[in-house]
Amino acid sequence: MMKHVRNIYHLSLERNSLQTVYLQDTQINKFIHLDNNKITKLEDVKIIVNRNVTDYEISFSGNHISRFTGIPQIWGVKDFFCVDCSIDFVDPFLFANAFNQTKNLILRKNNLNTANIFKTDGTDLQFEEINLRSNQISKIASTDFQNLKHIQKIWIHDNKITTVEPGAFDGLTQLKILLLSYNFIYRLPIDLFRPLVSLEQLVVQANNLAYFQLKDDVFKNLRSLEIYNNPLQCKCLESIRSYTKTHGIILEYDKFGEIKNGTQPECIINDICDPEAGEEFVKDYWQLFNNRRYIPGGLN
């Protein structure tokens, strides 16, 4: 236990064998790093900061906190990191009860299979950025993000998402950056992005999208679109290129160079941009070029 720690900019207790942490009446001005210890429960951490401290970062990365439950006594934290913590369960009401001042939540490289971890009693959480990259999430449900009205950045790439439900981004009017890349998404619901009136950067590369369209009344503030490594129909790609050029949007689309026999083309020739091109259409494409990275296990 440490008491009355004052005017410290960076407190680093990394790479020890700590199982419990108790800091009382602490004034840490910027960072508390507890990475790579032996902490297994958030309840074993009690950090009572000076009431004037409300803007610091705390990191538990590299610990093995498989279940985020209970109510940890951690006050005033702005940025919360638990990267590679083996998390496979989060009490859906944990953040509402214990992290109501937190702005940035980084839970990369864990084992979460759901994004349904932001429940409240009806109030909005204060998160501005959430990073759920490299987990095991398979679906974004319509209610997962409904209490994140202040969110500006969502990083949920490199998961196993096949489904994004209609209304999944409703109410997220402040969202500027959305990363959905390196998932298994075949189809995006009509008007999915319409509520995102502030969206500036959209990254959907490396999915299973054969169909994608841009509309004037949806992407009013879009500045950058990354959509390469998808089995897009050529008519859809033509429409995307025309729209982005006309509207001054940066289009990140890798060309595969000169197409040789057996190599992967940048799009699939089709007479129309068919919104009904589905799983079998995409599956046949990847199998043709012996690339199964973008096929979920159930379709192999």
# chains A, B, ... in the order shown; residues from 1 in each chain; ligands from 1
>>> select_by_dssp(residues="range 8-245 of chain A", states="alpha helix (DSSP H)", output="list in words")
Leu94, Phe95, Ala96, Asn97, Ala98, Cys234, Lys235, Cys236, Leu237, Glu238, Ser239, Ile240, Arg241, Ser242, Tyr243, Thr244 and Lys245 of chain A
>>> write_last_selection(atoms="C-alpha atoms", output="tab-separated table (two decimals), in the first residue's frame")
chain	number	residue	atom	x	y	z
A	94	LEU	CA	-19.17	-2.51	-15.29
A	95	PHE	CA	-18.26	0.63	-17.22
A	96	ALA	CA	-21.44	2.43	-16.18
A	97	ASN	CA	-20.77	1.66	-12.52
A	98	ALA	CA	-17.01	2.11	-12.29
A	234	CYS	CA	-16.43	-4.13	-61.02
A	235	LYS	CA	-19.58	-2.07	-61.56
A	236	CYS	CA	-19.63	-1.27	-57.85
A	237	LEU	CA	-15.96	-0.32	-57.90
A	238	GLU	CA	-16.55	1.96	-60.89
A	239	SER	CA	-19.32	3.71	-58.97
A	240	ILE	CA	-17.13	4.07	-55.87
A	241	ARG	CA	-14.23	5.53	-57.85
A	242	SER	CA	-16.50	7.99	-59.64
A	243	TYR	CA	-18.15	9.14	-56.41
A	244	THR	CA	-14.92	9.58	-54.45
A	245	LYS	CA	-13.28	11.50	-57.30
>>> residues_around(residues="Leu178 in chain A", least_positions_apart="3", cutoff="9 Å", atoms="only C-alpha atoms", output="PDB file with N, CA and C atoms, in the first residue's frame")
ATOM      1  N   GLN A 152     -16.311   9.116 -30.632  1.00  0.00           N
ATOM      2  CA  GLN A 152     -15.738   9.720 -31.843  1.00  0.00           C
ATOM      3  C   GLN A 152     -14.935   8.721 -32.666  1.00  0.00           C
ATOM      4  N   LYS A 153     -14.417   7.664 -32.002  1.00  0.00           N
ATOM      5  CA  LYS A 153     -13.598   6.679 -32.718  1.00  0.00           C
ATOM      6  C   LYS A 153     -13.969   5.279 -32.229  1.00  0.00           C
ATOM      7  N   ILE A 154     -14.238   4.387 -33.182  1.00  0.00           N
ATOM      8  CA  ILE A 154     -14.463   2.977 -32.865  1.00  0.00           C
ATOM      9  C   ILE A 154     -13.494   2.147 -33.693  1.00  0.00           C
ATOM     10  N   TRP A 155     -12.672   1.367 -32.996  1.00  0.00           N
ATOM     11  CA  TRP A 155     -11.717   0.461 -33.629  1.00  0.00           C
ATOM     12  C   TRP A 155     -12.177  -0.959 -33.288  1.00  0.00           C
ATOM     13  N   ILE A 156     -12.752  -1.650 -34.254  1.00  0.00           N
ATOM     14  CA  ILE A 156     -13.255  -3.000 -33.997  1.00  0.00           C
ATOM     15  C   ILE A 156     -12.822  -3.920 -35.138  1.00  0.00           C
ATOM     16  N   LEU A 175     -19.453  10.353 -34.187  1.00  0.00           N
ATOM     17  CA  LEU A 175     -18.434   9.405 -34.631  1.00  0.00           C
ATOM     18  C   LEU A 175     -17.720   9.919 -35.888  1.00  0.00           C
ATOM     19  N   LEU A 199     -19.034  11.351 -39.785  1.00  0.00           N
ATOM     20  CA  LEU A 199     -18.032  10.370 -40.190  1.00  0.00           C
ATOM     21  C   LEU A 199     -17.074  10.935 -41.232  1.00  0.00           C
ATOM     22  N   GLU A 200     -15.767  10.835 -40.933  1.00  0.00           N
ATOM     23  CA  GLU A 200     -14.728  11.336 -41.835  1.00  0.00           C
ATOM     24  C   GLU A 200     -13.872  10.222 -42.423  1.00  0.00           C
ATOM     25  N   GLN A 201     -13.675   9.155 -41.676  1.00  0.00           N
ATOM     26  CA  GLN A 201     -12.833   8.058 -42.151  1.00  0.00           C
ATOM     27  C   GLN A 201     -13.543   6.730 -41.936  1.00  0.00           C
ATOM     28  N   LEU A 202     -13.710   5.973 -43.017  1.00  0.00           N
ATOM     29  CA  LEU A 202     -14.347   4.659 -42.964  1.00  0.00           C
ATOM     30  C   LEU A 202     -13.392   3.636 -43.543  1.00  0.00           C
ATOM     31  N   VAL A 203     -13.115   2.585 -42.759  1.00  0.00           N
ATOM     32  CA  VAL A 203     -12.180   1.544 -43.186  1.00  0.00           C
ATOM     33  C   VAL A 203     -12.899   0.203 -43.155  1.00  0.00           C
ATOM     34  N   VAL A 204     -13.149  -0.361 -44.345  1.00  0.00           N
ATOM     35  CA  VAL A 204     -13.831  -1.649 -44.454  1.00  0.00           C
ATOM     36  C   VAL A 204     -13.009  -2.623 -45.291  1.00  0.00           C
TER      37      VAL A 204
END
>>> atom_distance(atom1="CA of Asn207 in chain A", atom2="CA of Val83 in chain A")
24.1 Å
>>> atom_distance(atom1="CA of Asp84 in chain A", atom2="CA of Ala168 in chain A")
26.3 Å
>>> atom_distance(atom1="CA of Gly278 in chain A", atom2="CA of Arg187 in chain A")
7.5 Å
>>> select_by_dssp(residues="range 51-186 of chain A", states="strand (DSSP E)", output="MDAnalysis selection string")
chainID A and resid 56:59 67:68 73:74 77:81 89:90 104:106 129:131 139:140 153:155 163:164 177:179
>>> residues_around(residues="Phe118 in chain A", least_positions_apart="3", cutoff="9 Å", atoms="only C-alpha atoms", output="PyMOL selection string")
chain A and resi 91-96+115+125+144-148
>>> residues_around(residues="Cys85 in chain A", least_positions_apart="2", cutoff="12 Å", atoms="only C-alpha atoms", output="count of residues only")
34
>>> residues_around(residues="Phe31 in chain A", least_positions_apart="4", cutoff="6 Å", atoms="only C-alpha atoms", output="PDB file with N, CA and C atoms, in the first residue's frame")
ATOM      1  N   HIS A  10       4.665  10.120 -13.493  1.00  0.00           N
ATOM      2  CA  HIS A  10       4.549   8.780 -14.056  1.00  0.00           C
ATOM      3  C   HIS A  10       4.945   7.765 -12.989  1.00  0.00           C
ATOM      4  N   TYR A  56      -5.850  11.117 -15.935  1.00  0.00           N
ATOM      5  CA  TYR A  56      -4.643  10.311 -16.013  1.00  0.00           C
ATOM      6  C   TYR A  56      -4.930   8.988 -16.719  1.00  0.00           C
ATOM      7  N   GLU A  57      -3.862   8.310 -17.071  1.00  0.00           N
ATOM      8  CA  GLU A  57      -3.931   7.041 -17.799  1.00  0.00           C
ATOM      9  C   GLU A  57      -3.518   5.907 -16.879  1.00  0.00           C
ATOM     10  N   ILE A  58      -4.247   4.793 -16.945  1.00  0.00           N
ATOM     11  CA  ILE A  58      -3.863   3.600 -16.201  1.00  0.00           C
ATOM     12  C   ILE A  58      -3.837   2.409 -17.138  1.00  0.00           C
TER      13      ILE A  58
END
>>> residues_around(residues="Ile137 in chain A", least_positions_apart="3", cutoff="10 Å", atoms="only C-alpha atoms", output="PDB file with N, CA, C and O atoms, in the first residue's frame")
ATOM      1  N   ASN A 111     -10.040 -11.839 -25.613  1.00  0.00           N
ATOM      2  CA  ASN A 111     -10.847 -12.957 -26.102  1.00  0.00           C
ATOM      3  C   ASN A 111     -12.343 -12.662 -26.045  1.00  0.00           C
ATOM      4  O   ASN A 111     -13.153 -13.585 -25.934  1.00  0.00           O
ATOM      5  N   LEU A 112     -12.704 -11.401 -26.139  1.00  0.00           N
ATOM      6  CA  LEU A 112     -14.112 -11.027 -26.089  1.00  0.00           C
ATOM      7  C   LEU A 112     -14.852 -11.546 -27.320  1.00  0.00           C
ATOM      8  O   LEU A 112     -14.391 -11.355 -28.447  1.00  0.00           O
ATOM      9  N   ASN A 113     -16.015 -12.164 -27.126  1.00  0.00           N
ATOM     10  CA  ASN A 113     -16.803 -12.626 -28.267  1.00  0.00           C
ATOM     11  C   ASN A 113     -18.056 -11.793 -28.486  1.00  0.00           C
ATOM     12  O   ASN A 113     -18.900 -12.141 -29.306  1.00  0.00           O
ATOM     13  N   THR A 114     -18.182 -10.695 -27.753  1.00  0.00           N
ATOM     14  CA  THR A 114     -19.329  -9.807 -27.910  1.00  0.00           C
ATOM     15  C   THR A 114     -18.917  -8.366 -27.631  1.00  0.00           C
ATOM     16  O   THR A 114     -17.980  -8.125 -26.863  1.00  0.00           O
ATOM     17  N   ALA A 115     -19.630  -7.435 -28.267  1.00  0.00           N
ATOM     18  CA  ALA A 115     -19.431  -6.012 -27.975  1.00  0.00           C
ATOM     19  C   ALA A 115     -20.520  -5.488 -27.052  1.00  0.00           C
ATOM     20  O   ALA A 115     -20.617  -4.278 -26.814  1.00  0.00           O
ATOM     21  N   ASN A 116     -21.326  -6.379 -26.504  1.00  0.00           N
ATOM     22  CA  ASN A 116     -22.415  -6.003 -25.609  1.00  0.00           C
ATOM     23  C   ASN A 116     -21.873  -5.804 -24.190  1.00  0.00           C
ATOM     24  O   ASN A 116     -22.181  -6.560 -23.262  1.00  0.00           O
ATOM     25  N   LEU A 132     -11.475  -2.200 -29.637  1.00  0.00           N
ATOM     26  CA  LEU A 132     -11.722  -3.621 -29.392  1.00  0.00           C
ATOM     27  C   LEU A 132     -11.042  -4.476 -30.464  1.00  0.00           C
ATOM     28  O   LEU A 132     -11.474  -5.585 -30.767  1.00  0.00           O
ATOM     29  N   ARG A 133      -9.977  -3.979 -31.007  1.00  0.00           N
ATOM     30  CA  ARG A 133      -9.247  -4.682 -32.060  1.00  0.00           C
ATOM     31  C   ARG A 133      -8.738  -6.046 -31.573  1.00  0.00           C
ATOM     32  O   ARG A 133      -8.387  -6.228 -30.424  1.00  0.00           O
ATOM     33  N   SER A 134      -8.730  -7.005 -32.490  1.00  0.00           N
ATOM     34  CA  SER A 134      -8.115  -8.309 -32.245  1.00  0.00           C
ATOM     35  C   SER A 134      -8.742  -9.038 -31.066  1.00  0.00           C
ATOM     36  O   SER A 134      -8.048  -9.478 -30.140  1.00  0.00           O
ATOM     37  N   ILE A 140     -22.037  -7.296 -34.484  1.00  0.00           N
ATOM     38  CA  ILE A 140     -22.345  -6.010 -33.870  1.00  0.00           C
ATOM     39  C   ILE A 140     -23.861  -5.890 -33.848  1.00  0.00           C
ATOM     40  O   ILE A 140     -24.505  -5.762 -34.886  1.00  0.00           O
ATOM     41  N   ILE A 156     -12.752  -1.650 -34.254  1.00  0.00           N
ATOM     42  CA  ILE A 156     -13.255  -3.000 -33.997  1.00  0.00           C
ATOM     43  C   ILE A 156     -12.822  -3.920 -35.138  1.00  0.00           C
ATOM     44  O   ILE A 156     -13.503  -4.874 -35.506  1.00  0.00           O
ATOM     45  N   HIS A 157     -11.638  -3.613 -35.684  1.00  0.00           N
ATOM     46  CA  HIS A 157     -11.109  -4.403 -36.789  1.00  0.00           C
ATOM     47  C   HIS A 157     -10.386  -5.651 -36.263  1.00  0.00           C
ATOM     48  O   HIS A 157     -10.122  -5.779 -35.064  1.00  0.00           O
ATOM     49  N   ASP A 158     -10.112  -6.552 -37.183  1.00  0.00           N
ATOM     50  CA  ASP A 158      -9.401  -7.792 -36.866  1.00  0.00           C
ATOM     51  C   ASP A 158     -10.151  -8.608 -35.820  1.00  0.00           C
ATOM     52  O   ASP A 158      -9.585  -9.044 -34.820  1.00  0.00           O
ATOM     53  N   ASN A 159     -11.459  -8.768 -36.046  1.00  0.00           N
ATOM     54  CA  ASN A 159     -12.278  -9.653 -35.240  1.00  0.00           C
ATOM     55  C   ASN A 159     -12.826 -10.753 -36.152  1.00  0.00           C
ATOM     56  O   ASN A 159     -12.216 -11.080 -37.167  1.00  0.00           O
ATOM     57  N   LYS A 160     -13.982 -11.305 -35.830  1.00  0.00           N
ATOM     58  CA  LYS A 160     -14.586 -12.351 -36.644  1.00  0.00           C
ATOM     59  C   LYS A 160     -16.012 -11.982 -36.996  1.00  0.00           C
ATOM     60  O   LYS A 160     -16.907 -12.823 -37.077  1.00  0.00           O
ATOM     61  N   ILE A 161     -16.218 -10.693 -37.253  1.00  0.00           N
ATOM     62  CA  ILE A 161     -17.567 -10.180 -37.476  1.00  0.00           C
ATOM     63  C   ILE A 161     -18.092 -10.623 -38.844  1.00  0.00           C
ATOM     64  O   ILE A 161     -17.463 -10.369 -39.869  1.00  0.00           O
ATOM     65  N   THR A 162     -19.239 -11.268 -38.829  1.00  0.00           N
ATOM     66  CA  THR A 162     -19.934 -11.605 -40.074  1.00  0.00           C
ATOM     67  C   THR A 162     -21.201 -10.772 -40.236  1.00  0.00           C
ATOM     68  O   THR A 162     -21.672 -10.578 -41.353  1.00  0.00           O
ATOM     69  N   ASN A 183     -12.425  -8.347 -41.101  1.00  0.00           N
ATOM     70  CA  ASN A 183     -13.501  -9.149 -40.551  1.00  0.00           C
ATOM     71  C   ASN A 183     -14.043 -10.041 -41.665  1.00  0.00           C
ATOM     72  O   ASN A 183     -13.368 -10.272 -42.670  1.00  0.00           O
TER      73      ASN A 183
END
